[in-house]
Amino acid sequence: MKKYLISPFYLYIITFLSIFLIYNLGWSRLYPPLSFGLVAFFMLSFFIAFFFAALQTRVKPFKNVAIKESPYSTAVVLLIVLSFGIEFINNRGIPLFLILGKADYDYAKFGIKLFHPILATFTSFYAVYLFHQFISVKKLKIFLLFIITISMHILVYNRGAFIMVLTSSVFVFLCSIKRIKFKIYVYLFIIIAFLLFLFGIAGNLRISSGKTTKTNEFITSTLPNSYFLNSKIPHEYMWSYIYISSPLANLQNTILKDKSIEANYKAFICYELLPDFFSKKLVPILNTKEEKPILITKWLTAVSLFTGAYSTLGWFGLYFMFIYLMFILTVYIGLLKKQNDFFVTGFAILNTFVVYNAFDNMIFFSGLSFQLIYPLIHMYFFSKKNKVTHKI
């Protein structure tokens with residue numbers, strides 16, 4: 001079972017199939033029924049992804065790499081902290097404290113241009129690498145360095161980056177264990193159920209401005225069906241249901257209602273196939289704009305990897321995007337060197353990349369896609385031949 005949870009091809013199937021199953025719980029009347037064309041697309045994609053997974057298992061099977069403590073970890077973390085310190089000074093304050101102080105502050109504008117994207121993505125990558133060191137050598141010092149590193153994302157109020165680092169760290173942990181015992185699945189189920197319940201409580205607190213953990217405002221706006229309302233399922237879980245399944249709903253809604261799609265290859269290249277830091281430079285040259293999907297409601301804006309592709313090129317864009325994803329995964333796995341300290345780090349970030357493509361286009365979002373570059377840079381330009389130990 002372990003191979004299914006650490007292979008990016010199997011993860012593609014598990015992630016989107018899970019969303020399908022959750023969607024079909026049918027708790028919300030906001031959602032349109034899934035069309036035959038969309039179901040057929042995903043079934044075909046699952047079959048092809050399974051083929052790629054079987055091929056990868058045979059040609060380049062995963063083996064965990066236990067690594068030594070890097071002598072440079074403390075210095076690198078210190079440099080990361082100092083770099084963020086420079087940005088805090090330039091910003092005249094730390095975003096988290098400015099927000100807590102109820103200052104009229106837009107945290108999205110934080111950071112020095114060009115410098116901050118590189119710093120933020122490198123910080124995420126290095127945090128995952130530190131966690132792999134900790135899993136390998138079990139030293140408290142390394143764990144503290146890991147905590148310091150991810151705390152930078154908390155200070156700049158970058159919740160997305162923080163969650164993605166934690167997700168990559170989970171994959172590092174899964175890579176490190178020989179076999180996933182049944183009790184681990186039980187613990188994971190309990191932890192996930194608890195976290196999803198807390199997510200609902202946090203949502204209620206947010207829309208009530210911190211006044212109450214119980215509110216019917218969100219429940220009413222999601223148009224729950226009678227089954228959900230009459231069941232004993234805590235209403236807090238509606239938050240998780242909506243945010244997990246709404247990208248699929250937005251894709252289906254776009255397919256049903258966008259009847260006049262005109263192929264826009266320029267927009268497809270800029271907004272679907274390239275990271276955003278390239279697109280920002282290319283858009284003015286090509287004189288194009290992003291094609292917007294038709295959302296089921298204006299406040300549910302999450303879309304999957306495929307929604308923008310359909311808005312831009314219709315069904316052709318949908319199938320091409322899947323092929324492009326398989327191409328990226330295949331090439332990246334081929335470039336990873338097993339006998340290298342950064343192999344597991346790169347593999348874990350790649351798995352996170354696959355999972356979050358269910359909620360947005362992570363190719364375009366360079367906050368995650370650019371992290372994939374750092375393991376390769378270290379492998380091919382900075383790493384000597386590392387004597388590592390394989391754990392099967």
# chains A, B, ... in the order shown; residues from 1 in each chain; ligands from 1
>>> residues_around(residues="Gly200 of chain A", least_positions_apart="3", cutoff="7 Å", atoms="only C-alpha atoms", output="list in words")
Leu196, Phe197, Gly203, Asn204, Glu236, Tyr237, Trp239 and Ser240 of chain A
>>> write_last_selection(atoms="C-alpha atoms", output="CSV table (one decimal), in the first residue's frame")
chain,number,residue,atom,x,y,z
A,196,LEU,CA,-11.4,18.9,9.2
A,197,PHE,CA,-13.7,19.6,12.2
A,203,GLY,CA,-14.6,29.0,9.3
A,204,ASN,CA,-17.5,29.7,11.6
A,236,GLU,CA,-18.8,21.9,10.7
A,237,TYR,CA,-17.9,19.3,8.2
A,239,TRP,CA,-16.8,23.5,5.3
A,240,SER,CA,-14.4,20.7,4.3
>>> select_by_dssp(residues="segment 136-372 of chain A", states="alpha helix (DSSP H)", output="short mmCIF file (atom, residue, chain, number, x, y, z; two decimals) with N, CA and C atoms, in the first residue's frame")
data_model
loop_
_atom_site.label_atom_id
_atom_site.label_comp_id
_atom_site.auth_asym_id
_atom_site.auth_seq_id
_atom_site.Cartn_x
_atom_site.Cartn_y
_atom_site.Cartn_z
N SER A 136 16.11 11.31 9.27
CA SER A 136 17.26 10.42 9.09
C SER A 136 18.13 10.32 10.33
N VAL A 137 18.42 11.46 11.00
CA VAL A 137 19.39 11.46 12.11
C VAL A 137 18.75 11.63 13.49
N LEU A 140 17.43 16.77 17.76
CA LEU A 140 16.55 17.87 18.15
C LEU A 140 16.98 19.17 17.48
N LYS A 141 18.28 19.36 17.32
CA LYS A 141 18.79 20.59 16.71
C LYS A 141 18.22 20.77 15.30
N ILE A 142 18.17 19.69 14.52
CA ILE A 142 17.65 19.77 13.16
C ILE A 142 16.17 20.08 13.17
N PHE A 143 15.44 19.49 14.12
CA PHE A 143 14.00 19.76 14.21
C PHE A 143 13.74 21.22 14.56
N LEU A 144 14.55 21.78 15.44
CA LEU A 144 14.40 23.19 15.80
C LEU A 144 14.68 24.09 14.60
N LEU A 145 15.69 23.72 13.80
CA LEU A 145 15.98 24.48 12.58
C LEU A 145 14.80 24.41 11.61
N PHE A 146 14.17 23.24 11.54
CA PHE A 146 12.98 23.07 10.71
C PHE A 146 11.85 23.98 11.18
N ILE A 147 11.62 24.02 12.50
CA ILE A 147 10.56 24.87 13.07
C ILE A 147 10.84 26.34 12.79
N ILE A 148 12.11 26.75 12.96
CA ILE A 148 12.48 28.15 12.69
C ILE A 148 12.21 28.51 11.24
N THR A 149 12.55 27.58 10.34
CA THR A 149 12.39 27.84 8.91
C THR A 149 10.92 28.00 8.52
N ILE A 150 10.06 27.06 8.96
CA ILE A 150 8.64 27.17 8.57
C ILE A 150 7.95 28.33 9.29
N SER A 151 8.52 28.77 10.42
CA SER A 151 7.91 29.91 11.13
C SER A 151 8.02 31.20 10.32
N MET A 152 8.96 31.25 9.37
CA MET A 152 9.06 32.42 8.50
C MET A 152 7.78 32.60 7.69
N HIS A 153 7.20 31.49 7.24
CA HIS A 153 5.94 31.57 6.49
C HIS A 153 4.80 32.05 7.38
N ILE A 154 4.84 31.67 8.65
CA ILE A 154 3.81 32.14 9.59
C ILE A 154 3.93 33.64 9.81
N LEU A 155 5.15 34.11 9.97
CA LEU A 155 5.38 35.54 10.22
C LEU A 155 4.93 36.42 9.06
N ARG A 159 -0.12 31.35 4.55
CA ARG A 159 -0.73 30.09 5.00
C ARG A 159 -0.57 28.98 3.98
N GLY A 160 -0.67 29.33 2.70
CA GLY A 160 -0.54 28.33 1.65
C GLY A 160 0.82 27.67 1.66
N ALA A 161 1.88 28.48 1.76
CA ALA A 161 3.24 27.93 1.77
C ALA A 161 3.44 27.05 3.00
N PHE A 162 2.93 27.48 4.14
CA PHE A 162 3.07 26.72 5.38
C PHE A 162 2.41 25.34 5.25
N ILE A 163 1.19 25.30 4.72
CA ILE A 163 0.47 24.04 4.56
C ILE A 163 1.17 23.13 3.55
N MET A 164 1.69 23.70 2.49
CA MET A 164 2.37 22.90 1.49
C MET A 164 3.66 22.29 2.02
N VAL A 165 4.40 23.03 2.86
CA VAL A 165 5.60 22.47 3.48
C VAL A 165 5.22 21.30 4.40
N LEU A 166 4.15 21.47 5.16
CA LEU A 166 3.70 20.38 6.04
C LEU A 166 3.29 19.16 5.21
N THR A 167 2.63 19.39 4.07
CA THR A 167 2.23 18.29 3.20
C THR A 167 3.46 17.56 2.67
N SER A 168 4.45 18.30 2.20
CA SER A 168 5.69 17.68 1.72
C SER A 168 6.38 16.90 2.83
N SER A 169 6.32 17.43 4.05
CA SER A 169 6.94 16.76 5.19
C SER A 169 6.25 15.43 5.50
N VAL A 170 4.93 15.41 5.32
CA VAL A 170 4.18 14.15 5.51
C VAL A 170 4.66 13.11 4.50
N PHE A 171 4.89 13.53 3.27
CA PHE A 171 5.38 12.60 2.25
C PHE A 171 6.80 12.13 2.57
N VAL A 172 7.63 13.01 3.13
CA VAL A 172 8.97 12.58 3.57
C VAL A 172 8.84 11.48 4.62
N PHE A 173 7.92 11.69 5.56
CA PHE A 173 7.69 10.69 6.61
C PHE A 173 7.21 9.37 6.01
N LEU A 174 6.25 9.43 5.08
CA LEU A 174 5.74 8.22 4.45
C LEU A 174 6.83 7.49 3.66
N CYS A 175 7.74 8.27 3.07
CA CYS A 175 8.85 7.66 2.34
C CYS A 175 9.82 6.93 3.28
N SER A 176 9.90 7.40 4.51
CA SER A 176 10.92 6.91 5.44
C SER A 176 10.55 5.59 6.12
N PHE A 182 -1.57 -0.90 9.71
CA PHE A 182 -3.00 -0.55 9.74
C PHE A 182 -3.28 0.54 10.76
N LYS A 183 -2.59 0.48 11.92
CA LYS A 183 -2.86 1.48 12.95
C LYS A 183 -2.48 2.89 12.51
N ILE A 184 -1.51 2.99 11.59
CA ILE A 184 -1.14 4.31 11.07
C ILE A 184 -2.29 4.89 10.27
N TYR A 185 -2.98 4.04 9.49
CA TYR A 185 -4.15 4.50 8.75
C TYR A 185 -5.24 4.98 9.71
N VAL A 186 -5.42 4.25 10.81
CA VAL A 186 -6.42 4.63 11.81
C VAL A 186 -6.07 5.99 12.41
N TYR A 187 -4.80 6.15 12.79
CA TYR A 187 -4.35 7.42 13.37
C TYR A 187 -4.53 8.56 12.37
N LEU A 188 -4.16 8.30 11.11
CA LEU A 188 -4.29 9.33 10.07
C LEU A 188 -5.75 9.73 9.88
N PHE A 189 -6.64 8.73 9.89
CA PHE A 189 -8.07 9.01 9.73
C PHE A 189 -8.58 9.88 10.88
N ILE A 190 -8.19 9.53 12.11
CA ILE A 190 -8.63 10.30 13.28
C ILE A 190 -8.09 11.73 13.23
N ILE A 191 -6.80 11.86 12.89
CA ILE A 191 -6.18 13.18 12.82
C ILE A 191 -6.83 14.04 11.75
N ILE A 192 -7.05 13.44 10.56
CA ILE A 192 -7.67 14.19 9.46
C ILE A 192 -9.09 14.60 9.82
N ALA A 193 -9.86 13.69 10.42
CA ALA A 193 -11.24 14.00 10.82
C ALA A 193 -11.26 15.14 11.84
N PHE A 194 -10.30 15.12 12.76
CA PHE A 194 -10.21 16.18 13.78
C PHE A 194 -9.83 17.52 13.14
N LEU A 195 -8.85 17.49 12.24
CA LEU A 195 -8.41 18.72 11.58
C LEU A 195 -9.53 19.32 10.71
N LEU A 196 -10.28 18.46 10.04
CA LEU A 196 -11.39 18.95 9.22
C LEU A 196 -12.49 19.57 10.08
N PHE A 197 -12.70 18.99 11.27
CA PHE A 197 -13.67 19.57 12.20
C PHE A 197 -13.20 20.95 12.68
N LEU A 198 -11.89 21.04 13.00
CA LEU A 198 -11.33 22.34 13.40
C LEU A 198 -11.41 23.35 12.28
N PHE A 199 -11.24 22.88 11.04
CA PHE A 199 -11.35 23.76 9.87
C PHE A 199 -12.74 24.39 9.82
N GLY A 200 -13.77 23.59 10.13
CA GLY A 200 -15.13 24.10 10.16
C GLY A 200 -15.34 25.11 11.27
N ILE A 201 -14.78 24.83 12.45
CA ILE A 201 -14.88 25.77 13.57
C ILE A 201 -14.20 27.08 13.23
N ALA A 202 -13.00 26.98 12.63
CA ALA A 202 -12.27 28.19 12.24
C ALA A 202 -13.06 29.00 11.22
N GLY A 203 -13.73 28.30 10.30
CA GLY A 203 -14.56 29.00 9.32
C GLY A 203 -15.72 29.73 9.96
N ASN A 204 -16.35 29.08 10.93
CA ASN A 204 -17.45 29.73 11.65
C ASN A 204 -16.98 30.96 12.41
N LEU A 205 -15.80 30.83 13.03
CA LEU A 205 -15.23 31.98 13.75
C LEU A 205 -14.95 33.14 12.81
N ARG A 206 -14.47 32.80 11.62
CA ARG A 206 -14.11 33.86 10.66
C ARG A 206 -15.33 34.64 10.20
N ILE A 207 -16.39 33.94 9.81
CA ILE A 207 -17.55 34.66 9.27
C ILE A 207 -18.38 35.32 10.36
N GLU A 217 -24.97 30.65 8.99
CA GLU A 217 -24.80 31.51 7.81
C GLU A 217 -24.16 30.75 6.65
N PHE A 218 -23.07 30.03 6.94
CA PHE A 218 -22.38 29.29 5.89
C PHE A 218 -23.25 28.12 5.40
N ILE A 219 -23.86 27.41 6.34
CA ILE A 219 -24.69 26.27 5.99
C ILE A 219 -25.81 26.70 5.04
N THR A 220 -26.46 27.80 5.35
CA THR A 220 -27.55 28.30 4.51
C THR A 220 -27.07 28.64 3.10
N SER A 221 -25.89 29.26 3.01
CA SER A 221 -25.37 29.71 1.71
C SER A 221 -24.95 28.55 0.82
N SER A 226 -31.55 17.71 2.22
CA SER A 226 -32.27 17.24 3.41
C SER A 226 -31.52 16.13 4.13
N TYR A 227 -30.80 15.29 3.35
CA TYR A 227 -30.04 14.20 3.98
C TYR A 227 -29.01 14.75 4.97
N PHE A 228 -28.27 15.76 4.52
CA PHE A 228 -27.24 16.33 5.40
C PHE A 228 -27.87 17.01 6.61
N LEU A 229 -28.93 17.77 6.39
CA LEU A 229 -29.57 18.51 7.48
C LEU A 229 -30.17 17.56 8.52
N ASN A 230 -30.70 16.44 8.08
CA ASN A 230 -31.36 15.51 9.00
C ASN A 230 -30.42 14.46 9.59
N TYR A 237 -18.50 19.97 9.25
CA TYR A 237 -17.87 19.26 8.15
C TYR A 237 -18.32 19.75 6.78
N MET A 238 -19.36 20.57 6.72
CA MET A 238 -19.77 21.14 5.44
C MET A 238 -18.68 22.03 4.86
N TRP A 239 -17.93 22.70 5.73
CA TRP A 239 -16.82 23.53 5.25
C TRP A 239 -15.83 22.70 4.44
N SER A 240 -15.41 21.59 4.99
CA SER A 240 -14.44 20.73 4.30
C SER A 240 -15.03 20.16 3.01
N TYR A 241 -16.28 19.73 3.09
CA TYR A 241 -16.94 19.18 1.90
C TYR A 241 -16.93 20.19 0.76
N ILE A 242 -17.30 21.41 1.06
CA ILE A 242 -17.38 22.45 0.03
C ILE A 242 -16.01 22.79 -0.53
N TYR A 243 -15.03 22.98 0.34
CA TYR A 243 -13.73 23.42 -0.16
C TYR A 243 -12.95 22.31 -0.86
N ILE A 244 -13.24 21.05 -0.55
CA ILE A 244 -12.57 19.94 -1.23
C ILE A 244 -13.22 19.68 -2.59
N SER A 245 -14.54 19.75 -2.66
CA SER A 245 -15.26 19.35 -3.87
C SER A 245 -15.59 20.50 -4.82
N SER A 246 -15.52 21.75 -4.35
CA SER A 246 -15.93 22.88 -5.21
C SER A 246 -15.07 23.05 -6.47
N PRO A 247 -13.75 22.71 -6.47
CA PRO A 247 -13.03 22.81 -7.76
C PRO A 247 -13.63 21.94 -8.85
N LEU A 248 -14.08 20.74 -8.48
CA LEU A 248 -14.73 19.86 -9.45
C LEU A 248 -16.07 20.44 -9.89
N ALA A 249 -16.79 21.05 -8.94
CA ALA A 249 -18.07 21.68 -9.27
C ALA A 249 -17.87 22.84 -10.23
N ASN A 250 -16.82 23.65 -10.02
CA ASN A 250 -16.55 24.78 -10.91
C ASN A 250 -16.16 24.30 -12.31
N LEU A 251 -15.42 23.19 -12.38
CA LEU A 251 -15.07 22.63 -13.69
C LEU A 251 -16.32 22.15 -14.42
N GLN A 252 -17.19 21.40 -13.71
CA GLN A 252 -18.42 20.91 -14.33
C GLN A 252 -19.34 22.05 -14.74
N ASN A 253 -19.42 23.08 -13.91
CA ASN A 253 -20.27 24.22 -14.22
C ASN A 253 -19.78 24.96 -15.45
N THR A 254 -18.46 25.07 -15.59
CA THR A 254 -17.87 25.73 -16.76
C THR A 254 -18.17 24.93 -18.02
N ILE A 255 -18.07 23.60 -17.93
CA ILE A 255 -18.37 22.75 -19.08
C ILE A 255 -19.83 22.89 -19.50
N LEU A 256 -20.74 22.97 -18.54
CA LEU A 256 -22.17 23.05 -18.83
C LEU A 256 -22.57 24.41 -19.41
N LYS A 257 -21.95 25.48 -18.92
CA LYS A 257 -22.45 26.81 -19.23
C LYS A 257 -21.60 27.61 -20.22
N TYR A 265 -4.94 30.20 -27.82
CA TYR A 265 -3.68 29.50 -27.60
C TYR A 265 -2.67 30.36 -26.84
N LYS A 266 -2.73 31.67 -27.05
CA LYS A 266 -1.81 32.56 -26.34
C LYS A 266 -2.08 32.52 -24.84
N ALA A 267 -3.36 32.60 -24.47
CA ALA A 267 -3.73 32.55 -23.06
C ALA A 267 -3.41 31.18 -22.46
N PHE A 268 -3.59 30.13 -23.27
CA PHE A 268 -3.31 28.77 -22.80
C PHE A 268 -1.83 28.62 -22.44
N ASP A 276 3.90 31.54 -13.27
CA ASP A 276 3.43 32.92 -13.35
C ASP A 276 4.54 33.95 -13.52
N PHE A 277 5.77 33.64 -13.03
CA PHE A 277 6.83 34.66 -13.18
C PHE A 277 7.28 34.79 -14.63
N PHE A 278 7.08 33.73 -15.45
CA PHE A 278 7.32 33.85 -16.89
C PHE A 278 6.14 34.55 -17.57
N SER A 279 4.95 34.17 -17.16
CA SER A 279 3.75 34.69 -17.80
C SER A 279 3.62 36.20 -17.66
N LYS A 280 4.01 36.73 -16.50
CA LYS A 280 3.91 38.17 -16.28
C LYS A 280 4.71 38.96 -17.31
N LYS A 281 5.81 38.38 -17.78
CA LYS A 281 6.63 39.04 -18.79
C LYS A 281 6.10 38.80 -20.20
N LEU A 282 5.45 37.64 -20.38
CA LEU A 282 5.02 37.23 -21.71
C LEU A 282 3.66 37.80 -22.11
N VAL A 283 2.78 38.00 -21.12
CA VAL A 283 1.41 38.48 -21.41
C VAL A 283 1.39 39.80 -22.18
N PRO A 284 2.17 40.83 -21.77
CA PRO A 284 2.14 42.09 -22.54
C PRO A 284 2.67 41.91 -23.96
N ILE A 285 3.63 41.00 -24.13
CA ILE A 285 4.20 40.79 -25.47
C ILE A 285 3.18 40.13 -26.39
N LEU A 286 2.47 39.11 -25.87
CA LEU A 286 1.48 38.39 -26.67
C LEU A 286 0.12 39.08 -26.70
N THR A 307 -9.56 23.35 -15.07
CA THR A 307 -10.65 24.30 -15.32
C THR A 307 -10.24 25.40 -16.29
N GLY A 308 -9.10 26.01 -16.04
CA GLY A 308 -8.62 27.06 -16.95
C GLY A 308 -8.32 26.52 -18.33
N ALA A 309 -7.84 25.28 -18.40
CA ALA A 309 -7.55 24.66 -19.69
C ALA A 309 -8.82 24.51 -20.53
N TYR A 310 -9.92 24.12 -19.85
CA TYR A 310 -11.19 24.00 -20.58
C TYR A 310 -11.70 25.37 -21.01
N SER A 311 -11.60 26.37 -20.13
CA SER A 311 -12.06 27.73 -20.46
C SER A 311 -11.33 28.29 -21.67
N THR A 312 -10.10 27.84 -21.87
CA THR A 312 -9.25 28.39 -22.93
C THR A 312 -9.35 27.62 -24.24
N LEU A 313 -9.36 26.28 -24.14
CA LEU A 313 -9.34 25.47 -25.37
C LEU A 313 -10.42 24.39 -25.41
N TRP A 315 -12.48 20.96 -24.67
CA TRP A 315 -12.09 19.59 -24.36
C TRP A 315 -10.65 19.28 -24.77
N PHE A 316 -10.20 19.87 -25.85
CA PHE A 316 -8.80 19.67 -26.26
C PHE A 316 -7.85 20.15 -25.16
N GLY A 317 -8.15 21.31 -24.57
CA GLY A 317 -7.32 21.85 -23.50
C GLY A 317 -7.30 20.93 -22.29
N LEU A 318 -8.44 20.33 -21.98
CA LEU A 318 -8.56 19.42 -20.85
C LEU A 318 -7.63 18.22 -21.03
N TYR A 319 -7.71 17.57 -22.19
CA TYR A 319 -6.89 16.38 -22.45
C TYR A 319 -5.42 16.73 -22.59
N PHE A 320 -5.13 17.88 -23.24
CA PHE A 320 -3.73 18.29 -23.39
C PHE A 320 -3.10 18.56 -22.03
N MET A 321 -3.87 19.16 -21.11
CA MET A 321 -3.34 19.48 -19.79
C MET A 321 -2.96 18.22 -19.03
N PHE A 322 -3.78 17.18 -19.17
CA PHE A 322 -3.46 15.92 -18.50
C PHE A 322 -2.17 15.32 -19.08
N ILE A 323 -2.05 15.32 -20.40
CA ILE A 323 -0.83 14.81 -21.05
C ILE A 323 0.39 15.60 -20.60
N TYR A 324 0.23 16.91 -20.50
CA TYR A 324 1.32 17.79 -20.07
C TYR A 324 1.74 17.46 -18.64
N LEU A 325 0.77 17.19 -17.77
CA LEU A 325 1.08 16.82 -16.39
C LEU A 325 1.86 15.52 -16.34
N MET A 326 1.41 14.51 -17.10
CA MET A 326 2.13 13.22 -17.14
C MET A 326 3.55 13.41 -17.65
N PHE A 327 3.72 14.30 -18.64
CA PHE A 327 5.05 14.59 -19.19
C PHE A 327 5.95 15.20 -18.12
N ILE A 328 5.43 16.17 -17.37
CA ILE A 328 6.23 16.82 -16.32
C ILE A 328 6.65 15.81 -15.26
N LEU A 329 5.73 14.97 -14.82
CA LEU A 329 6.03 13.98 -13.79
C LEU A 329 7.09 12.99 -14.27
N THR A 330 6.93 12.53 -15.50
CA THR A 330 7.87 11.54 -16.05
C THR A 330 9.27 12.12 -16.18
N VAL A 331 9.37 13.32 -16.73
CA VAL A 331 10.68 13.96 -16.92
C VAL A 331 11.34 14.24 -15.57
N TYR A 332 10.56 14.75 -14.62
CA TYR A 332 11.15 15.11 -13.33
C TYR A 332 11.67 13.87 -12.60
N ILE A 333 10.88 12.81 -12.59
CA ILE A 333 11.34 11.58 -11.94
C ILE A 333 12.60 11.06 -12.62
N GLY A 334 12.64 11.19 -13.95
CA GLY A 334 13.84 10.76 -14.68
C GLY A 334 15.07 11.57 -14.32
N LEU A 335 14.88 12.85 -13.98
CA LEU A 335 16.01 13.71 -13.64
C LEU A 335 16.51 13.51 -12.21
N PHE A 343 17.21 13.63 -3.18
CA PHE A 343 16.27 12.78 -3.91
C PHE A 343 14.90 12.74 -3.24
N VAL A 344 14.85 12.44 -1.96
CA VAL A 344 13.58 12.33 -1.23
C VAL A 344 12.89 13.68 -1.15
N THR A 345 13.66 14.75 -0.96
CA THR A 345 13.09 16.10 -0.91
C THR A 345 12.37 16.43 -2.22
N GLY A 346 13.04 16.17 -3.35
CA GLY A 346 12.43 16.42 -4.64
C GLY A 346 11.20 15.57 -4.87
N PHE A 347 11.27 14.31 -4.46
CA PHE A 347 10.15 13.39 -4.62
C PHE A 347 8.95 13.84 -3.80
N ALA A 348 9.19 14.28 -2.57
CA ALA A 348 8.11 14.72 -1.68
C ALA A 348 7.44 15.99 -2.22
N ILE A 349 8.23 16.93 -2.70
CA ILE A 349 7.67 18.17 -3.26
C ILE A 349 6.87 17.86 -4.52
N LEU A 350 7.34 16.91 -5.32
CA LEU A 350 6.61 16.51 -6.53
C LEU A 350 5.24 15.94 -6.16
N ASN A 351 5.19 15.13 -5.11
CA ASN A 351 3.90 14.57 -4.66
C ASN A 351 2.95 15.67 -4.19
N THR A 352 3.48 16.64 -3.48
CA THR A 352 2.66 17.78 -3.04
C THR A 352 2.14 18.55 -4.24
N PHE A 353 2.98 18.72 -5.23
CA PHE A 353 2.61 19.38 -6.49
C PHE A 353 1.41 18.69 -7.13
N VAL A 354 1.42 17.35 -7.15
CA VAL A 354 0.33 16.58 -7.74
C VAL A 354 -0.97 16.77 -6.95
N VAL A 355 -0.90 16.66 -5.64
CA VAL A 355 -2.09 16.76 -4.79
C VAL A 355 -2.77 18.12 -4.94
N TYR A 356 -2.00 19.20 -4.90
CA TYR A 356 -2.61 20.53 -4.92
C TYR A 356 -3.03 20.98 -6.31
N SER A 366 3.91 29.54 -9.22
CA SER A 366 5.34 29.29 -9.03
C SER A 366 5.73 29.13 -7.57
N GLY A 367 4.84 29.51 -6.64
CA GLY A 367 5.12 29.32 -5.23
C GLY A 367 5.36 27.86 -4.89
N LEU A 368 4.79 26.95 -5.68
CA LEU A 368 5.06 25.52 -5.50
C LEU A 368 5.89 24.96 -6.64
N SER A 369 5.53 25.26 -7.87
CA SER A 369 6.25 24.66 -9.01
C SER A 369 7.73 25.03 -9.03
#
>>> residues_around(residues="Thr121 of chain A", least_positions_apart="4", cutoff="7 Å", atoms="only C-alpha atoms", output="ChimeraX atom specification")
/A:117,125,367,370-371
>>> atom_distance(atom1="atom CA of Leu273 of chain A", atom2="atom CA of Leu305 of chain A")
10.2 Å
>>> select_by_dssp(residues="segment 60-265 of chain A", states="strand (DSSP E or B)", output="VMD selection string")
chain A and resid 64 to 66 224
>>> write_last_selection(atoms="N, CA and C atoms", output="JSON list (two decimals), in the first residue's frame")
[["chain", "number", "residue", "atom", "x", "y", "z"],
["A", 64, "ASN", "N", 13.89, 4.65, -0.45],
["A", 64, "ASN", "CA", 14.16, 5.75, 0.47],
["A", 64, "ASN", "C", 15.66, 5.92, 0.70],
["A", 65, "VAL", "N", 16.07, 7.16, 0.88],
["A", 65, "VAL", "CA", 17.47, 7.49, 1.10],
["A", 65, "VAL", "C", 17.62, 8.14, 2.47],
["A", 66, "ALA", "N", 18.35, 7.47, 3.36],
["A", 66, "ALA", "CA", 18.66, 8.07, 4.66],
["A", 66, "ALA", "C", 19.91, 8.91, 4.51],
["A", 224, "PRO", "N", -27.64, 23.12, 1.62],
["A", 224, "PRO", "CA", -27.51, 21.70, 1.96],
["A", 224, "PRO", "C", -28.78, 20.93, 1.65]]
>>> atom_distance(atom1="atom CA of Ile296 of chain A", atom2="atom CA of Ser28 of chain A")
11.5 Å
